[in-house]
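Structure file query_35.tsv (TSV, C-alpha atoms and all ligand atoms) follows.
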chain	number	residue	atom	x	y	z
A	55	MET	CA	-57.49	40.81	21.28
A	56	VAL	CA	-61.29	40.74	20.97
A	57	ASN	CA	-63.41	42.45	23.61
A	58	GLU	CA	-67.13	43.02	23.81
A	59	ILE	CA	-67.74	46.62	24.84
A	60	LYS	CA	-71.55	46.32	24.71
A	61	PRO	CA	-73.74	43.47	23.52
A	62	ASN	CA	-72.81	42.78	19.89
A	63	VAL	CA	-70.29	45.63	19.79
A	64	TYR	CA	-66.70	44.42	19.79
A	65	SER	CA	-63.27	45.96	19.87
A	66	VAL	CA	-61.30	44.05	17.21
A	67	GLY	CA	-58.28	46.26	16.56
A	68	ALA	CA	-54.61	45.86	17.43
A	69	VAL	CA	-52.32	47.08	20.17
A	70	ASP	CA	-48.92	48.28	19.00
A	71	TRP	CA	-46.74	47.87	22.10
A	72	ASP	CA	-43.46	48.55	20.37
A	73	ARG	CA	-44.11	51.53	18.16
A	74	ARG	CA	-42.07	54.47	19.38
A	75	LEU	CA	-42.54	57.00	16.57
A	76	PHE	CA	-45.58	58.20	14.68
A	77	ASP	CA	-45.08	59.77	11.25
A	78	GLU	CA	-41.40	59.14	12.00
A	79	LEU	CA	-41.66	62.25	14.15
A	80	ILE	CA	-44.00	62.08	17.13
A	81	PRO	CA	-42.65	60.12	20.09
A	82	LEU	CA	-44.87	57.34	21.46
A	83	PRO	CA	-43.41	56.52	24.89
A	84	ASP	CA	-46.37	54.26	25.72
A	85	GLY	CA	-46.92	52.73	22.27
A	86	THR	CA	-50.38	53.06	20.74
A	87	SER	CA	-53.33	51.08	19.48
A	88	TYR	CA	-55.33	51.08	16.26
A	89	ASN	CA	-58.85	50.48	17.40
A	90	SER	CA	-61.36	48.94	15.10
A	91	TYR	CA	-64.91	48.11	16.17
A	92	LEU	CA	-67.32	45.51	14.91
A	93	ILE	CA	-71.05	46.09	15.26
A	94	LYS	CA	-73.34	43.12	14.69
A	95	GLY	CA	-76.90	44.15	13.97
A	96	SER	CA	-79.82	41.76	13.64
A	97	VAL	CA	-79.60	42.06	9.85
A	98	LYS	CA	-76.24	43.52	8.90
A	99	THR	CA	-72.69	43.76	10.22
A	100	ALA	CA	-70.40	46.78	10.10
A	101	LEU	CA	-66.74	47.28	10.82
A	102	LEU	CA	-65.73	50.77	11.96
A	103	ASP	CA	-62.25	51.55	10.67
A	104	ALA	CA	-59.46	49.13	9.88
A	105	VAL	CA	-55.96	49.21	11.37
A	106	ASP	CA	-52.43	50.16	10.45
A	107	PRO	CA	-51.29	47.88	7.60
A	108	THR	CA	-48.57	46.40	9.82
A	109	LYS	CA	-51.36	44.89	11.97
A	110	THR	CA	-53.72	43.65	9.25
A	111	ASP	CA	-53.29	40.02	10.30
A	112	ILE	CA	-54.43	40.77	13.83
A	113	LEU	CA	-57.60	42.47	12.63
A	114	LEU	CA	-58.42	39.61	10.24
A	115	ASP	CA	-57.69	37.02	12.95
A	116	ASN	CA	-59.96	38.86	15.37
A	117	LEU	CA	-62.80	38.90	12.85
A	118	ALA	CA	-62.25	35.20	12.17
A	119	SER	CA	-62.28	34.37	15.87
A	120	LEU	CA	-65.71	36.00	16.11
A	121	GLY	CA	-66.85	33.80	13.22
A	122	ILE	CA	-67.50	36.76	10.92
A	123	LYS	CA	-68.16	35.36	7.44
A	124	ARG	CA	-69.58	38.48	5.87
A	125	LEU	CA	-69.17	42.21	6.37
A	126	ASP	CA	-71.79	44.49	4.88
A	127	TYR	CA	-70.17	47.81	5.67
A	128	LEU	CA	-66.68	49.03	6.40
A	129	VAL	CA	-67.07	52.53	7.77
A	130	SER	CA	-63.97	54.62	7.16
A	131	HIS	CA	-63.81	57.63	9.47
A	132	HIS	CA	-60.43	58.88	8.37
A	133	ALA	CA	-58.16	58.21	5.40
A	134	GLU	CA	-54.89	58.20	7.33
A	135	GLN	CA	-52.83	55.05	7.07
A	136	ASP	CA	-53.14	53.97	10.71
A	137	HIS	CA	-56.89	53.42	10.27
A	138	SER	CA	-57.27	52.85	6.57
A	139	GLY	CA	-54.06	51.15	5.51
A	140	ALA	CA	-55.60	47.70	6.03
A	141	ILE	CA	-58.83	48.46	4.11
A	142	PRO	CA	-57.69	46.89	0.81
A	143	ASP	CA	-56.87	43.61	2.60
A	144	VAL	CA	-60.15	43.64	4.51
A	145	LEU	CA	-62.02	44.14	1.23
A	146	GLN	CA	-60.16	41.20	-0.23
A	147	ALA	CA	-61.15	39.01	2.72
A	148	TYR	CA	-64.72	40.32	2.75
A	149	PRO	CA	-65.58	41.13	-0.88
A	150	ASP	CA	-69.23	41.96	-0.10
A	151	ALA	CA	-68.25	44.86	2.16
A	152	LYS	CA	-68.91	48.40	0.97
A	153	VAL	CA	-66.72	51.20	2.23
A	154	VAL	CA	-69.01	53.78	3.83
A	155	THR	CA	-67.62	57.28	4.12
A	156	ASN	CA	-68.05	60.89	3.01
A	157	THR	CA	-67.01	62.15	-0.42
A	158	LYS	CA	-63.83	63.82	0.86
A	159	CYS	CA	-62.59	60.65	2.53
A	160	LYS	CA	-63.59	58.56	-0.49
A	161	THR	CA	-61.45	60.74	-2.77
A	162	MET	CA	-58.52	60.44	-0.38
A	163	LEU	CA	-58.88	56.65	-0.11
A	164	MET	CA	-58.99	56.37	-3.88
A	165	GLU	CA	-55.90	58.54	-4.23
A	166	LEU	CA	-53.89	57.25	-1.28
A	167	LEU	CA	-54.79	53.56	-1.32
A	168	HIS	CA	-56.05	53.05	-4.88
A	169	ILE	CA	-59.38	51.65	-3.73
A	170	ALA	CA	-61.72	51.40	-6.73
A	171	GLU	CA	-64.71	53.73	-6.80
A	172	ASP	CA	-67.33	50.96	-7.03
A	173	ASN	CA	-66.40	49.83	-3.51
A	174	PHE	CA	-67.88	52.96	-1.93
A	175	ILE	CA	-71.16	54.14	-0.50
A	176	THR	CA	-70.98	57.86	0.30
A	177	ILE	CA	-72.99	59.37	3.09
A	178	GLU	CA	-73.90	62.89	4.21
A	179	ASP	CA	-73.55	64.48	7.61
A	180	GLY	CA	-76.28	63.19	9.93
A	181	GLN	CA	-77.29	60.34	7.61
A	182	THR	CA	-78.10	56.95	9.12
A	183	ILE	CA	-77.61	53.36	8.05
A	184	SER	CA	-79.61	50.57	9.65
A	185	LEU	CA	-78.05	47.28	10.68
A	186	GLY	CA	-81.49	46.03	11.80
A	187	ASP	CA	-81.72	46.51	15.53
A	188	LYS	CA	-78.81	48.96	15.56
A	189	ILE	CA	-78.59	52.22	13.65
A	190	LEU	CA	-75.39	54.03	12.72
A	191	GLN	CA	-75.59	57.80	12.54
A	192	PHE	CA	-72.71	59.61	10.86
A	193	VAL	CA	-71.40	62.81	12.39
A	194	PHE	CA	-68.92	64.85	10.38
A	195	ILE	CA	-66.20	66.23	12.63
A	196	PRO	CA	-63.87	67.96	10.16
A	197	TRP	CA	-60.32	68.90	11.09
A	198	VAL	CA	-59.79	66.62	14.04
A	199	HIS	CA	-57.28	66.33	12.62
A	200	TRP	CA	-57.84	65.93	8.86
A	201	PRO	CA	-60.47	67.68	6.75
A	202	GLU	CA	-62.43	64.51	5.95
A	203	THR	CA	-62.77	63.09	9.47
A	204	LEU	CA	-66.13	61.81	10.62
A	205	GLY	CA	-67.44	59.83	13.57
A	206	THR	CA	-70.28	57.39	14.12
A	207	TYR	CA	-72.93	57.53	16.80
A	208	LEU	CA	-74.59	54.25	17.70
A	209	LYS	CA	-77.95	55.41	18.96
A	210	GLU	CA	-79.16	52.22	20.62
A	211	ASP	CA	-76.05	51.87	22.81
A	212	LYS	CA	-75.27	55.60	23.09
A	213	ILE	CA	-71.69	55.01	21.98
A	214	PHE	CA	-69.80	57.66	20.04
A	215	PHE	CA	-66.95	56.47	17.83
A	216	PRO	CA	-64.97	59.67	17.12
A	217	CYS	CA	-61.89	58.14	15.43
A	218	ASP	CA	-58.79	60.21	16.30
A	219	PHE	CA	-60.79	62.82	18.24
A	220	PHE	CA	-60.42	62.17	22.02
A	221	GLY	CA	-57.79	59.47	21.47
A	222	SER	CA	-54.64	58.67	23.38
A	223	HIS	CA	-51.45	57.00	22.25
A	224	LEU	CA	-51.41	54.26	24.81
A	225	ALA	CA	-50.78	50.55	24.41
A	226	THR	CA	-52.66	48.75	27.15
A	227	SER	CA	-54.36	45.44	27.76
A	228	SER	CA	-57.22	47.32	29.44
A	229	LEU	CA	-60.21	47.81	27.21
A	230	PHE	CA	-61.59	50.67	29.29
A	231	VAL	CA	-59.93	53.61	31.03
A	232	GLU	CA	-58.93	52.36	34.46
A	233	ASP	CA	-56.39	54.90	35.64
A	234	GLU	CA	-57.84	58.29	34.76
A	235	PRO	CA	-54.86	60.45	35.84
A	236	PHE	CA	-52.49	58.36	33.69
A	237	VAL	CA	-54.80	58.32	30.67
A	238	TYR	CA	-55.29	62.07	31.16
A	239	GLU	CA	-51.57	62.61	30.67
A	240	CYS	CA	-51.48	60.34	27.59
A	241	ALA	CA	-54.54	62.05	26.08
A	242	LYS	CA	-53.06	65.47	26.81
A	243	ARG	CA	-49.79	64.58	25.08
A	244	TYR	CA	-51.80	63.27	22.11
A	245	TYR	CA	-53.89	66.46	22.07
A	246	ALA	CA	-50.74	68.60	22.21
A	247	GLU	CA	-49.00	66.73	19.41
A	248	ILE	CA	-51.91	66.12	17.06
A	249	MET	CA	-54.95	68.20	17.86
A	250	MET	CA	-53.72	71.52	19.26
A	251	PRO	CA	-53.33	73.31	15.89
A	252	PHE	CA	-57.04	72.66	15.25
A	253	ARG	CA	-58.43	74.29	18.37
A	254	ALA	CA	-61.12	76.25	16.53
A	255	ALA	CA	-62.39	73.08	14.81
A	256	ILE	CA	-62.29	71.20	18.09
A	257	LYS	CA	-64.46	73.82	19.75
A	258	ASN	CA	-67.00	73.59	16.92
A	259	ASN	CA	-67.02	69.81	17.07
A	260	LEU	CA	-67.39	69.79	20.86
A	261	LYS	CA	-70.45	71.98	20.41
A	262	LYS	CA	-71.75	69.76	17.62
A	263	ILE	CA	-71.70	66.58	19.70
A	264	GLU	CA	-73.43	68.25	22.66
A	265	SER	CA	-76.79	67.23	21.22
A	266	LEU	CA	-75.87	63.52	21.28
A	267	LYS	CA	-76.59	61.47	24.38
A	268	ILE	CA	-73.21	59.84	24.83
A	269	GLU	CA	-72.61	57.20	27.46
A	270	MET	CA	-69.38	55.82	26.05
A	271	ILE	CA	-66.63	57.14	23.78
A	272	ALA	CA	-64.73	54.57	21.75
A	273	PRO	CA	-61.81	56.32	20.02
A	274	SER	CA	-59.43	54.92	17.43
A	275	HIS	CA	-56.40	55.10	19.76
A	276	GLY	CA	-56.16	54.15	23.41
A	277	PRO	CA	-58.75	52.82	25.85
A	278	VAL	CA	-62.53	53.32	25.72
A	279	TYR	CA	-64.07	56.00	27.94
A	280	GLN	CA	-66.96	54.81	30.10
A	281	ARG	CA	-67.13	58.26	31.62
A	282	PRO	CA	-67.29	60.46	28.50
A	283	GLU	CA	-67.33	63.71	30.48
A	284	PHE	CA	-63.80	62.89	31.67
A	285	ILE	CA	-62.34	63.40	28.20
A	286	ILE	CA	-64.93	65.91	26.90
A	287	ASP	CA	-64.26	68.23	29.85
A	288	ALA	CA	-60.52	67.82	29.38
A	289	TYR	CA	-60.86	68.83	25.71
A	290	LYS	CA	-63.01	71.81	26.65
A	291	ASP	CA	-60.30	72.85	29.03
A	292	TRP	CA	-57.42	72.32	26.59
A	293	ALA	CA	-59.10	73.88	23.56
A	294	GLY	CA	-60.44	76.92	25.42
A	295	GLU	CA	-57.76	79.25	26.77
A	296	GLY	CA	-59.67	79.57	29.98
A	297	ILE	CA	-58.87	83.24	30.56
A	298	LYS	CA	-61.95	85.17	31.54
A	299	VAL	CA	-61.60	88.89	30.94
A	300	ARG	CA	-63.44	91.62	32.84
A	301	GLN	CA	-63.24	95.11	31.47
A	302	PHE	CA	-63.92	98.26	33.51
A	303	ASN	CA	-64.30	101.81	32.32
A	304	LEU	CA	-62.22	103.51	34.99
A	305	THR	CA	-63.90	106.90	34.73
A	306	GLY	CA	-67.17	105.57	36.16
A	307	VAL	CA	-66.21	102.37	37.90
A	308	ASP	CA	-67.88	101.05	41.04
A	309	ILE	CA	-64.75	100.46	43.09
A	310	GLY	CA	-66.46	97.60	44.93
A	311	GLU	CA	-66.94	95.80	41.59
A	312	LEU	CA	-63.33	96.44	40.72
A	313	ALA	CA	-62.18	95.12	44.10
A	314	ILE	CA	-64.30	91.95	43.67
A	315	ALA	CA	-62.75	91.32	40.26
A	316	LEU	CA	-59.28	91.79	41.71
A	317	VAL	CA	-59.79	88.87	44.11
A	318	ASP	CA	-59.38	86.40	41.24
A	319	ALA	CA	-57.45	88.45	38.71
A	320	ALA	CA	-54.21	86.71	37.79
A	321	THR	CA	-53.30	89.60	35.52
A	322	VAL	CA	-54.27	93.27	35.62
A	323	VAL	CA	-53.86	95.41	32.52
A	324	ILE	CA	-54.33	99.13	33.02
A	325	GLY	CA	-55.17	101.16	29.96
A	326	SER	CA	-54.64	104.92	29.98
A	327	PRO	CA	-54.08	107.81	27.65
A	328	THR	CA	-51.39	110.31	28.56
A	329	PHE	CA	-52.97	113.23	30.41
A	330	LEU	CA	-50.66	116.23	30.35
A	331	VAL	CA	-47.48	114.25	31.07
A	332	GLY	CA	-48.80	111.47	33.31
A	333	ALA	CA	-51.51	108.86	33.53
A	334	HIS	CA	-55.19	109.70	33.35
A	335	PRO	CA	-56.22	110.48	36.98
A	336	SER	CA	-58.82	107.68	36.92
A	337	ALA	CA	-56.18	105.18	35.82
A	338	ALA	CA	-53.86	106.48	38.54
A	339	TYR	CA	-56.68	106.08	41.07
A	340	ALA	CA	-57.31	102.48	39.97
A	341	ALA	CA	-53.59	101.73	40.21
A	342	MET	CA	-53.42	103.24	43.72
A	343	LEU	CA	-56.48	101.28	44.78
A	344	THR	CA	-55.08	98.04	43.40
A	345	ASN	CA	-51.79	98.73	45.12
A	346	ALA	CA	-53.57	99.36	48.43
A	347	LEU	CA	-55.74	96.24	48.23
A	348	ARG	CA	-52.77	94.05	47.35
A	349	PRO	CA	-54.61	91.27	45.55
A	350	LYS	CA	-52.78	88.03	44.77
A	351	THR	CA	-52.42	89.20	41.16
A	352	ARG	CA	-49.22	87.88	39.58
A	353	PHE	CA	-48.84	89.92	36.39
A	354	VAL	CA	-49.42	93.50	35.42
A	355	SER	CA	-49.18	95.33	32.14
A	356	ILE	CA	-50.02	98.78	30.86
A	357	ILE	CA	-51.40	99.85	27.53
A	358	GLY	CA	-52.08	103.32	26.26
A	359	SER	CA	-51.17	106.24	24.06
A	360	PHE	CA	-49.41	109.58	24.06
A	361	SER	CA	-49.27	112.59	21.81
A	362	TRP	CA	-45.74	113.91	22.09
A	363	THR	CA	-44.12	112.58	25.26
A	364	GLY	CA	-45.00	111.52	28.80
A	365	LYS	CA	-44.30	109.37	31.80
A	366	MET	CA	-47.60	107.50	31.96
A	367	VAL	CA	-46.06	104.02	32.19
A	368	GLU	CA	-43.46	104.98	34.77
A	369	GLN	CA	-46.07	106.74	36.89
A	370	LEU	CA	-48.52	103.77	36.88
A	371	THR	CA	-45.76	101.26	37.53
A	372	GLY	CA	-44.57	103.41	40.42
A	373	LEU	CA	-48.06	103.46	41.92
A	374	LEU	CA	-48.06	99.65	42.01
A	375	GLY	CA	-44.94	99.41	44.16
A	376	ASN	CA	-46.54	97.29	46.89
A	377	MET	CA	-47.52	94.53	44.56
A	378	LYS	CA	-45.27	91.56	44.08
A	379	VAL	CA	-45.96	91.27	40.40
A	380	GLU	CA	-44.10	90.69	37.20
A	381	VAL	CA	-44.62	93.53	34.75
A	382	ILE	CA	-45.22	92.24	31.25
A	383	GLU	CA	-43.83	94.67	28.69
A	384	PRO	CA	-46.30	97.55	28.21
A	385	VAL	CA	-47.67	98.50	24.80
A	386	VAL	CA	-47.74	102.26	24.28
A	387	PHE	CA	-48.14	104.02	20.96
A	388	LYS	CA	-48.19	107.55	19.60
A	389	GLY	CA	-51.54	108.87	18.42
A	390	LEU	CA	-53.79	106.58	16.44
A	391	PRO	CA	-52.64	102.93	16.71
A	392	GLU	CA	-51.17	101.42	13.56
A	393	ASP	CA	-51.16	97.80	12.43
A	394	LYS	CA	-47.90	97.13	14.26
A	395	ASP	CA	-49.50	98.37	17.49
A	396	PHE	CA	-52.40	95.94	17.12
A	397	VAL	CA	-49.85	93.17	16.54
A	398	ALA	CA	-48.11	94.26	19.75
A	399	LEU	CA	-51.44	94.05	21.62
A	400	ASP	CA	-52.02	90.54	20.25
A	401	ASN	CA	-48.52	89.60	21.37
A	402	LEU	CA	-49.28	90.94	24.83
A	403	ALA	CA	-52.40	88.74	24.99
A	404	ASP	CA	-50.29	85.74	23.95
A	405	LYS	CA	-47.69	86.56	26.60
A	406	ILE	CA	-50.39	86.73	29.28
A	407	THR	CA	-51.71	83.34	28.16
A	408	ALA	CA	-48.19	81.91	28.27
A	409	LYS	CA	-47.64	83.31	31.77
A	410	HIS	CA	-50.90	81.77	32.98
A	411	LYS	CA	-49.80	78.46	31.52
A	412	GLU	CA	-46.42	78.77	33.19
A	413	ILE	CA	-48.00	79.00	36.62
A	414	GLY	CA	-50.47	76.22	35.86
A	415	LEU	CA	-53.66	78.28	35.65
A	416	ILE	CA	-54.56	76.91	32.21
B	1	FE	FE	-55.05	60.63	12.14
B	2	FE	FE	-54.95	57.92	14.15
Once more with this new file: its structure as structure tokens, please.
Amino acid sequence: MVNEIKPNVYSVGAVDWDRRLFDELIPLPDGTSYNSYLIKGSVKTALLDAVDPTKTDILLDNLASLGIKRLDYLVSHHAEQDHSGAIPDVLQAYPDAKVVTNTKCKTMLMELLHIAEDNFITIEDGQTISLGDKILQFVFIPWVHWPETLGTYLKEDKIFFPCDFFGSHLATSSLFVEDEPFVYECAKRYYAEIMMPFRAAIKNNLKKIESLKIEMIAPSHGPVYQRPEFIIDAYKDWAGEGIKVRQFNLTGVDIGELAIALVDAATVVIGSPTFLVGAHPSAAYAAMLTNALRPKTRFVSIIGSFSWTGKMVEQLTGLLGNMKVEVIEPVVFKGLPEDKDFVALDNLADKITAKHKEIGLI
């Protein structure tokens, strides 16, 4: 299936309607596609990525149907089989083509696919290659989801080709996203299964591409995004935990400020030392105030310390009796916190995140 996505920019990859497992592990209920793009400049022609080796014939047929006799560059964004497996066959069909990639990906392609070193041109982050009237700019986007991954920005058409980044496992005859809610679900599943472990890298890469003027995103799986903010905003949402934290020092708090924050607070965590045998009076006051205002808060927890004994947790929990909340297990430690106490605090943060996810807040 050949489609022109912009003048002289074609989608020439393959749809895999029947594939139901990726890496023999990840379910593909809607199949997938291996997108490959051909860019014809006034002087030179480049192919961005190949396809899974099981679909090599389709890629070569598509290039033939466009009358492509010569390829100057084969840009490899990612050494994984589903985009690079067909490179050796493409090089055989187009012996003038040079594989353009970074040094990391080159090493992988040499090791994984036994492509000879003299086939490569290596590029640096931000470097450009001219095709005449179109210029390819390479943007390294490591760890989405392999260390070598890069993308290409086509300045003249404002298209970003991010390879696996922003993709969706979806076999469809539609070139562009037509049903955003459906593609959203497919892209979210793909994010969850492939990208989620690399959240920190995703955040860095989202920041990195902010400087590019992007009008279209053409990923290596699934349909092309004509509304890039649709998928960029979704990634920002998925990669960021989305929990905003406000911290108040209860000994000098403006209770109006505290009340305003309570309007939107899904979780309230009260921190208190043990004063004599109970809570610090300021913490008790905040708990009483919260209890009286009855915000729509869903979860509460308590953190704090004690020296020998005390009923700080019981007292604060008792003061919150009006609130219909779930109490997430408090973290209370004796004296100076130890490593295990900091681990418990981290676990509490994770539990709060999980609870917010459970009720659909993030
Ligand atoms: Fe991949
Ligand atoms: Fe992929």
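Remark: for Lys94 of chain A, the closest of the candidate residues A:Asp395, A:Asp126, A:Glu239, A:Glu134 is A:Asp126 (distances computed over only C-alpha atoms).
Distance check against Leu347 of chain A using only C-alpha atoms: of A:Gly310, A:Pro384, A:Pro196, A:Pro327, the minimum falls on A:Gly310.
Residues of protein, DNA or RNA lying at most 7 Å from ligand FE 1 (chain B), when all atoms listed in the file are considered, are His132, Glu134, His199, Trp200 and Asp218 of chain A.
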With distances taken over only C-alpha atoms, which residue among A:Ile406, A:Cys240, A:Ile271, A:Val278 lies nearest Asn57 of chain A? A:Val278
Using only C-alpha atoms and all ligand atoms: which of A:Ser65, A:Ser274, A:Ser326, A:Thr371 has the shortest distance to ligand FE 2 (chain B):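 Comparing A:Ser65, A:Ser274, A:Ser326, A:Thr371 against ligand FE 2 (chain B), the winner is A:Ser274.
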Which residues are near ligand FE 2 (chain B) in this structure, taking near to mean any atom at most 10 Å from a ligand atom and counting all atoms listed in the file? Format them as a PDB file with C-alpha atoms, in the frame of the given file.
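Output contents, as saved in part.pdb:
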ATOM      1  CA  PHE A  76     -45.580  58.200  14.680  1.00  0.00           C
ATOM      2  CA  THR A  86     -50.380  53.060  20.740  1.00  0.00           C
ATOM      3  CA  SER A  87     -53.330  51.080  19.480  1.00  0.00           C
ATOM      4  CA  TYR A  88     -55.330  51.080  16.260  1.00  0.00           C
ATOM      5  CA  ASN A  89     -58.850  50.480  17.400  1.00  0.00           C
ATOM      6  CA  VAL A 105     -55.960  49.210  11.370  1.00  0.00           C
ATOM      7  CA  ASP A 106     -52.430  50.160  10.450  1.00  0.00           C
ATOM      8  CA  HIS A 132     -60.430  58.880   8.370  1.00  0.00           C
ATOM      9  CA  ALA A 133     -58.160  58.210   5.400  1.00  0.00           C
ATOM     10  CA  GLU A 134     -54.890  58.200   7.330  1.00  0.00           C
ATOM     11  CA  GLN A 135     -52.830  55.050   7.070  1.00  0.00           C
ATOM     12  CA  ASP A 136     -53.140  53.970  10.710  1.00  0.00           C
ATOM     13  CA  HIS A 137     -56.890  53.420  10.270  1.00  0.00           C
ATOM     14  CA  SER A 138     -57.270  52.850   6.570  1.00  0.00           C
ATOM     15  CA  VAL A 198     -59.790  66.620  14.040  1.00  0.00           C
ATOM     16  CA  HIS A 199     -57.280  66.330  12.620  1.00  0.00           C
ATOM     17  CA  CYS A 217     -61.890  58.140  15.430  1.00  0.00           C
ATOM     18  CA  ASP A 218     -58.790  60.210  16.300  1.00  0.00           C
ATOM     19  CA  PHE A 219     -60.790  62.820  18.240  1.00  0.00           C
ATOM     20  CA  GLY A 221     -57.790  59.470  21.470  1.00  0.00           C
ATOM     21  CA  SER A 222     -54.640  58.670  23.380  1.00  0.00           C
ATOM     22  CA  HIS A 223     -51.450  57.000  22.250  1.00  0.00           C
ATOM     23  CA  ILE A 248     -51.910  66.120  17.060  1.00  0.00           C
ATOM     24  CA  PRO A 273     -61.810  56.320  20.020  1.00  0.00           C
ATOM     25  CA  SER A 274     -59.430  54.920  17.430  1.00  0.00           C
ATOM     26  CA  HIS A 275     -56.400  55.100  19.760  1.00  0.00           C
TER      27      HIS A 275
END
Just the number, please: distance in Å from atom CA of Gln280 of chain A to atom CA of Ser265 of chain A, one decimal. 18.2 Å
Gap from atom CA of Ala104 of chain A to atom CA of Ile256 of chain A - Å, one decimal: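 Atom CA of Ile256 of chain A lies at a distance of 23.7 Å from atom CA of Ala104 of chain A.
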Would you mind listing what lies within 9 Å of segment 313-320 of chain A as a JSON list (two decimals) with C-alpha atoms, in the frame of the given file, with all atoms listed in the file counted and same-chain residues fewer than 2 positions away left out?
[["chain", "number", "residue", "atom", "x", "y", "z"],
["A", 299, "VAL", "CA", -61.60, 88.89, 30.94],
["A", 300, "ARG", "CA", -63.44, 91.62, 32.84],
["A", 308, "ASP", "CA", -67.88, 101.05, 41.04],
["A", 309, "ILE", "CA", -64.75, 100.46, 43.09],
["A", 310, "GLY", "CA", -66.46, 97.60, 44.93],
["A", 311, "GLU", "CA", -66.94, 95.80, 41.59],
["A", 322, "VAL", "CA", -54.27, 93.27, 35.62],
["A", 343, "LEU", "CA", -56.48, 101.28, 44.78],
["A", 344, "THR", "CA", -55.08, 98.04, 43.40],
["A", 347, "LEU", "CA", -55.74, 96.24, 48.23],
["A", 348, "ARG", "CA", -52.77, 94.05, 47.35],
["A", 349, "PRO", "CA", -54.61, 91.27, 45.55],
["A", 350, "LYS", "CA", -52.78, 88.03, 44.77],
["A", 351, "THR", "CA", -52.42, 89.20, 41.16],
["A", 352, "ARG", "CA", -49.22, 87.88, 39.58],
["A", 353, "PHE", "CA", -48.84, 89.92, 36.39],
["A", 354, "VAL", "CA", -49.42, 93.50, 35.42],
["A", 410, "HIS", "CA", -50.90, 81.77, 32.98],
["A", 415, "LEU", "CA", -53.66, 78.28, 35.65]]
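What separates atom CA of Lys298 of chain A from atom CA of Asn376 of chain A is a distance of 24.9 Å.
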Neighbouring residues of Ser336 of chain A were defined as those with any atom within 7 Å, considering all atoms listed in the file; residues of the same chain fewer than 2 positions away were excluded. Please report them as a list in words.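 Listing them by chain and then by number gives Leu304, Thr305, His334, Ala338, Tyr339 and Ala340 of chain A.
Checking A:Gly276, A:Pro149, A:Gly364, A:Gly205 one by one against Asp70 of chain A, counting only C-alpha atoms, you find the shortest gap at A:Gly276.
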Proximity to Tyr127 of chain A - best of A:Met366, A:Leu190, A:Ala333, A:Ile413, all atoms listed in the file: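 Between A:Met366, A:Leu190, A:Ala333, A:Ile413, the residue approaching Tyr127 of chain A most closely is A:Leu190.
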Please, which residues are within 9 Å of (-51.5, 48.2, 28.4) by the file's coordinates, counting all atoms listed in the file, and could they come as a list of chain:residue names?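 Output: A:Val69, A:Trp71, A:Asp84, A:Gly85, A:Leu224, A:Ala225, A:Thr226, A:Ser227, A:Ser228, A:Leu229, A:Pro277.
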Take the residues from that selection and write them out as a CSV table (one decimal), in the frame of the given file, keeping C-alpha atoms.
chain,number,residue,atom,x,y,z
A,69,VAL,CA,-52.3,47.1,20.2
A,71,TRP,CA,-46.7,47.9,22.1
A,84,ASP,CA,-46.4,54.3,25.7
A,85,GLY,CA,-46.9,52.7,22.3
A,224,LEU,CA,-51.4,54.3,24.8
A,225,ALA,CA,-50.8,50.6,24.4
A,226,THR,CA,-52.7,48.8,27.2
A,227,SER,CA,-54.4,45.4,27.8
A,228,SER,CA,-57.2,47.3,29.4
A,229,LEU,CA,-60.2,47.8,27.2
A,277,PRO,CA,-58.8,52.8,25.8
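Near Tyr238 of chain A, within 8 Å and counting all atoms listed in the file, sit A:Glu234, A:Pro235, A:Ala241, A:Lys242, A:Ile285, A:Ala288; same-chain residues fewer than 3 positions away were not included.
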Residue list as a short mmCIF file (atom, residue, chain, number, x, y, z; two decimals) with C-alpha atoms, in the coordinates of the input for point (-72.5, 59.9, 25.4), cut-off 9 Å, only C-alpha atoms:
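The resulting point.cif:
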data_model
loop_
_atom_site.label_atom_id
_atom_site.label_comp_id
_atom_site.auth_asym_id
_atom_site.auth_seq_id
_atom_site.Cartn_x
_atom_site.Cartn_y
_atom_site.Cartn_z
CA TYR A 207 -72.93 57.53 16.80
CA LYS A 212 -75.27 55.60 23.09
CA ILE A 213 -71.69 55.01 21.98
CA PHE A 214 -69.80 57.66 20.04
CA ILE A 263 -71.70 66.58 19.70
CA GLU A 264 -73.43 68.25 22.66
CA LEU A 266 -75.87 63.52 21.28
CA LYS A 267 -76.59 61.47 24.38
CA ILE A 268 -73.21 59.84 24.83
CA GLU A 269 -72.61 57.20 27.46
CA MET A 270 -69.38 55.82 26.05
CA ILE A 271 -66.63 57.14 23.78
CA GLN A 280 -66.96 54.81 30.10
CA ARG A 281 -67.13 58.26 31.62
CA PRO A 282 -67.29 60.46 28.50
CA GLU A 283 -67.33 63.71 30.48
#
Where is the centre and how long are the edges: axis-aligned box on segment 61-67 of chain A, 3 Å on each side, Å to one decimal, as JSON:
{"center_x": -66.0, "center_y": 44.5, "center_z": 20.0, "size_x": 21.5, "size_y": 9.5, "size_z": 13.0}
